[in-house]
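So the structure is just underneath, and the comments pick up after that.
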Amino acid sequence: MPKSEVKTSLLDNMIGVGDSVLLEPLTEDTFLENLKNRFDHSEIYTYIGSVVISVNPYRHLPIYTPEKVEEYRNRNFYELSPHIYALADEAYRSLRDQDKDQCILITGESGAGKTEASKLVMSYVAAVCGKGAEVNQVKEQLLQSNPVLEAFGNAKTMRNDNSSRFGKYMDIEFDFKGDPLGGVISNYLLEKSRVVKQPRGERNFHIFYQLLSGGSEDLLKQLKLEREFNQYNYLGLDSAKVNGVDDAANFRTVKNAMQIVGFMDDEVELVLEVVAAVLKLGNIEFKPESRVNGLDESRIQDKNELKEICELLGQDQAVLERAFSFRTVEAKQEKVSTTLNVAQAYYARDALAKNLYNRLFTWLVNRINESIKAQSKVRKKVMGVLDIYGFEIFENNSFEQFIINYCNEKLQQIFIELTLKEEQEEYIKEGIEWTHIEYFNNAIICELIENNTNGILAMLDEECLRPGTVTDETFLEKLNQVCAVHERFESRMSKSSRFLNDTTLPHNCFRIQHYAGKVMYHVEGFVDKNNDLLYRDLSQAMWKTNHVLVKSLFPEGNPAKMSLKRPPTAGSQFKASVATLMKNLQTKNPNYIRCIKPNDQKAPHIFAEALVRHQVRYLGLMENVRVRRAGYAFKQPYESCLERYKMLCSQTWPHWRQGSRDGVKVLLTELQIPPEEFSYGRSKIFIRNPRTLFELEDLRKRRLEDLATLIQKIYRGWKCRTNFLLMKKSQIIISAWTKRHFQRKKYLQLKSVTLIIQSYIRGWKARKLLRELKHQKRCEESATTIAAYWRGFQARRELKRLKEEARRKHAVAVIWAYWLGLKVRREYRKFFRANAGKKIYEFTIQRIMQKYFLEMKKKLPSMSPTEKTWPPRPYFFLDDTHTELKRIFHLWRCKKYRDQFTEQKKAIFEEKLEASELFKDKKALYTNSVQQPFQGDYLEISKNPKYQKLNGAVEEKIVLADVVNKINRANGKVAPRIFLLTQSNFILADQKSGQIKSTIPVMDITSVSVSKQTDGLFAVHLKEGSTAAAKGDFLFTSDRLIEIITKLYRTIFFKTNQKINVEINNEFLVQFNQDKVCVKFIQGAQKNGNLPTCKRKNNRLLEVTVP
Ligand SMILES: Nc1ncnc2c1ncn2[C@@H]1O[C@H](COP(=O)(O)OP(=O)(O)O)[C@@H](O)[C@H]1O
Ligand SMILES: [Mg+2]
């Protein structure tokens, strides 16, 4: 159905009938057929009046979206197709607006969808009720209590992977505005036997698996647990993993939910410790040990597990061990301890585990209640949601089924009571006569079970309390005695002869005809389970632990509070809580959801008719429909009835101006419906037969078709006319626009033409005016010009006249002057010399020269010979003089400069000059020597006593004394020698002793040779044939090469007046003995300063490596 098309009645677009009350004919078959038909079309909800039947689809249906919530919000119950939201909305609005407390009773067998339904109701209410931070927190806490309770109270069973193993009733409390304030949860009868044993294919409570799968390594270590399920006896081996269930993820969800609900971290820890302890209890094993008296006594097989449990619970190991071995019975101030045999020990162990878990669960519920309870004390409105196990019929039914079925009997009872009451109340309210309805009242069955004197529960309690041997058989015997006559009770031994032959009933069973069918119960275990016995030693042991939670779970273990009175039996406890519940429900307005399971395979799309038929029967749904239909099948407020059918009568269509009740009356009369088919209530019309309603619906449908045609016709006419009017209007607009356009065009043309003409005329006028103005101006100008010319002419004439006059005056003056001059010259001629002009000229020149020199004196440049500047010449004719003067000045300046020097200094400069001439730009070593002053006598021989003898031997003045390295002619090795140069000799002496080695007259030296490089090697060539030249030429090295050679050169020049040859070359010849050896300089690595290394290569070659 498209979204825009909003339904206005349940009767629209129906698949089958949405409300079973309208079934015609009404039989079980048509009822089932209708359910199946709707189920096949994914319509899982069907009404019986205001009761919702829900058939579990076992698949996700897209009918729980927020859009659906909006759709059902604030709508009347019958307005839309059946939905659980309609019921929730009705309940919530009735609570909010009419101040009626509500309860929602959800029943059905296990797996039928009760828990899901309860969650849907809660989530719907949460979605529609108030918003705001505080309200949202309350909602969140209420909703999050579900995962916690489900983890601890649900388990996988054959029928349901998430079966609630406890009954739950939750009161949600609201304030006057309908905002949630909090809630209270009550739990009923947790199936604790599941803790120690599960039927095949089923699992223990979810929390055990969740903890083992989802707990962190650290947590498991802390709780002393192993991750594998098969480590634990209490976890059934099969079906440990459930398809599609992620235990680990669920564990996180549960922990998170606990946090949201308000559990403290340490509380969660305590809870998990108890869970771990329960799990580990199952692993304690016992073995028999024979005693002297022949009896077997039990012993714990492996104490390790016990030790760990005791550590977990802060328990003294010995205390717990004793509690598993002995049983103390107290009677009349006397204590008797008996040992336990193996069977008893196991019984005790399991009883402890069950009790521990059961009490933990109750504690959890209380703890949640503490968190979610309403904080404010204002008056509250309450909506109760009851999700309780439905009727159970198994092959082997025991005490639990008995109790559950009893609870369902009670619920059925109040259902009937309240439905009838409601119906009756409505009839009275509407002023319609109430006729008695026949229906089955199950009060008699409730009586059979709960009667305080002879009810089955009372009998059971009596048996349990009776002294002497009590067994399940004695209990059955008792039942046979007391209840045999009851028409709903059957047993083999029953005195009622009617059933004596019923062999289908075993001896240890009894059967009760419940309202939903016959159920056979095995008596085995009834007494035990009713007693729910935990040995006192165990509860005392538990009380003694240091574990705060465990201690608080076993208050009866406190010896101070010990009483001999027995605790109430399970049966009586349950009976009491059911009674409280019923009382509670009776004060509220009930809303029913009846859940049906369509198949046993938990599969979608399968509708097992036999299974559903069975449920329909025991849920008493037919009964339900009949009650609903008693009297009238359908009722509807006048307003909505008139609104729906008013088109069927000409008087009410299209408008009825008077009251809707009268309108309906007129309508039904005109339709000629027999008057016995309906009754007029105060605000509603009651229709007896569904057939009548369907006839009305048929008529309406046909009429609607006619109306549709009519509407279509009118609509088409209207549409055409509107279209025509629209076209007409458009045509007018278009023509108006066109006319406007043309007029405008014409106007614009005219306008531009006018403008052109206008501009031409204006132009012509302007030109005419201009011409006139120009003429006028020209006239004015010519007058001025003429005047100007005239004045000019006059002025020039005047000027000419004045000039003429001035020239004449000047001429007169000149003539006068010449005349005067002539007269004067004639007079003074005798006083002038003939060459005065020349003298004046010379004088002038002299004056100028004088001035020039005086000024030059002031402008002279500095006395430095390097100064280049010279003042500019003042007169052109002095050009040559000026240049000459500059030259003279420079020469004079140089002379002045030279005159400063002493003789000594002069000699030094001469030497330096000589050196420069010899070596500059020829030998690389020269540049180094420029800075060094030439000292000559470096050794100070005359002063040094070491050289006294040497000093004595030298007579002449010493020109140079220094240590040089003499190069051995044969191998190129060097040896230091004193090099002494006098005015006529050069002497070589031993450096240490001063012993003269050779004395060579300077006249014998022919030339010297040096390289071009920076080295200090030099050769002294000697005259061939002289005595000094016996061994050949000398080779020396010295850093002061430049000075030595310069001095040698000068000395020889002074002595002989001859300039010796200084050869500067990288290759030269020397004479050693008879050989002519080539000294060759090659470039090499620097070794010892600037010293060259010499190597005699052969007879002809001496190689000098220079850096
Ligand atoms: N309205 C529903 N839509 C889809 N699946 C449902 C619905 N109701 C129940 N189910 C399915 O059936 C299973 C059993 O439902 P549940 O409410 O736990 O049964 P019960 O509480 O009656 O034992 C759920 O786990 C879910 O898979
Ligand atoms: Mg459930």
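Letters A, B, ... mark the chains of the structure tokens in the order given; residue numbers begin at 1 per chain; ligand numbers begin at 1, in order shown.
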- Task: Could you tell me, counting only C-alpha atoms and all ligand atoms, which protein and nucleic acid residues lie no more than 10 Å from ligand 2, written as an MDAnalysis selection string?
- Result: chainID A and resid 106:118 150 153:155 160:168 387:390
- Within 10 Å of A:Leu26, counting only C-alpha atoms, which residues show up once you throw out same-chain ones fewer than 3 positions away? Write them as an MDAnalysis selection string, please. chainID A and resid 20:23 29:31 622 625:626 629 690
Using only C-alpha atoms, which protein or nucleic acid residues come within 6 Å of A:Arg511? Drop anything in the same chain fewer than 5 positions from it, and give the result as a short mmCIF file (atom, residue, chain, number, x, y, z; two decimals) with N, CA, C and O atoms, in the first residue's frame.
data_model
loop_
_atom_site.label_atom_id
_atom_site.label_comp_id
_atom_site.auth_asym_id
_atom_site.auth_seq_id
_atom_site.Cartn_x
_atom_site.Cartn_y
_atom_site.Cartn_z
N PHE A 489 -9.90 -34.71 38.28
CA PHE A 489 -8.71 -35.46 38.72
C PHE A 489 -8.85 -36.92 38.33
O PHE A 489 -9.90 -37.50 38.50
N GLU A 490 -7.78 -37.48 37.82
CA GLU A 490 -7.81 -38.90 37.48
C GLU A 490 -6.53 -39.55 37.96
O GLU A 490 -5.47 -38.93 37.89
N VAL A 519 -3.46 -33.27 31.35
CA VAL A 519 -2.02 -33.41 31.54
C VAL A 519 -1.75 -34.47 32.59
O VAL A 519 -2.35 -34.49 33.66
N MET A 520 -0.79 -35.34 32.23
CA MET A 520 -0.44 -36.41 33.16
C MET A 520 0.85 -36.08 33.87
O MET A 520 1.84 -35.73 33.24
N TYR A 521 0.82 -36.13 35.19
CA TYR A 521 2.01 -35.77 35.97
C TYR A 521 2.60 -37.00 36.63
O TYR A 521 1.88 -37.82 37.21
#
What's the 9 Å shell around stretch 903-918 of chain A, counting only C-alpha atoms, without same-chain residues fewer than 3 positions away, as a JSON list (two decimals) with C-alpha atoms, in the first residue's frame?
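Written output follows (selection08.json):
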[["chain", "number", "residue", "atom", "x", "y", "z"],
["A", 898, "ARG", "CA", 117.83, 60.09, -1.77],
["A", 921, "ASP", "CA", 111.04, 37.86, -13.03],
["A", 922, "LYS", "CA", 113.74, 35.25, -13.67],
["A", 923, "LYS", "CA", 113.81, 33.14, -10.50],
["A", 926, "TYR", "CA", 113.38, 36.20, -5.67],
["A", 930, "VAL", "CA", 112.51, 41.26, -1.30],
["A", 933, "PRO", "CA", 117.21, 42.69, 4.59],
["A", 934, "PHE", "CA", 120.64, 41.50, 3.46],
["A", 935, "GLN", "CA", 122.62, 41.21, 6.69],
["A", 1042, "ILE", "CA", 119.58, 35.57, -3.63],
["A", 1043, "GLU", "CA", 121.73, 37.41, -1.08],
["A", 1045, "ILE", "CA", 124.80, 35.30, -5.24],
["A", 1046, "THR", "CA", 124.18, 39.06, -5.27],
["A", 1047, "LYS", "CA", 127.04, 39.60, -2.79],
["A", 1049, "TYR", "CA", 128.47, 38.99, -7.94],
["A", 1050, "ARG", "CA", 129.24, 42.41, -6.46],
["A", 1062, "VAL", "CA", 124.55, 34.27, -13.73]]
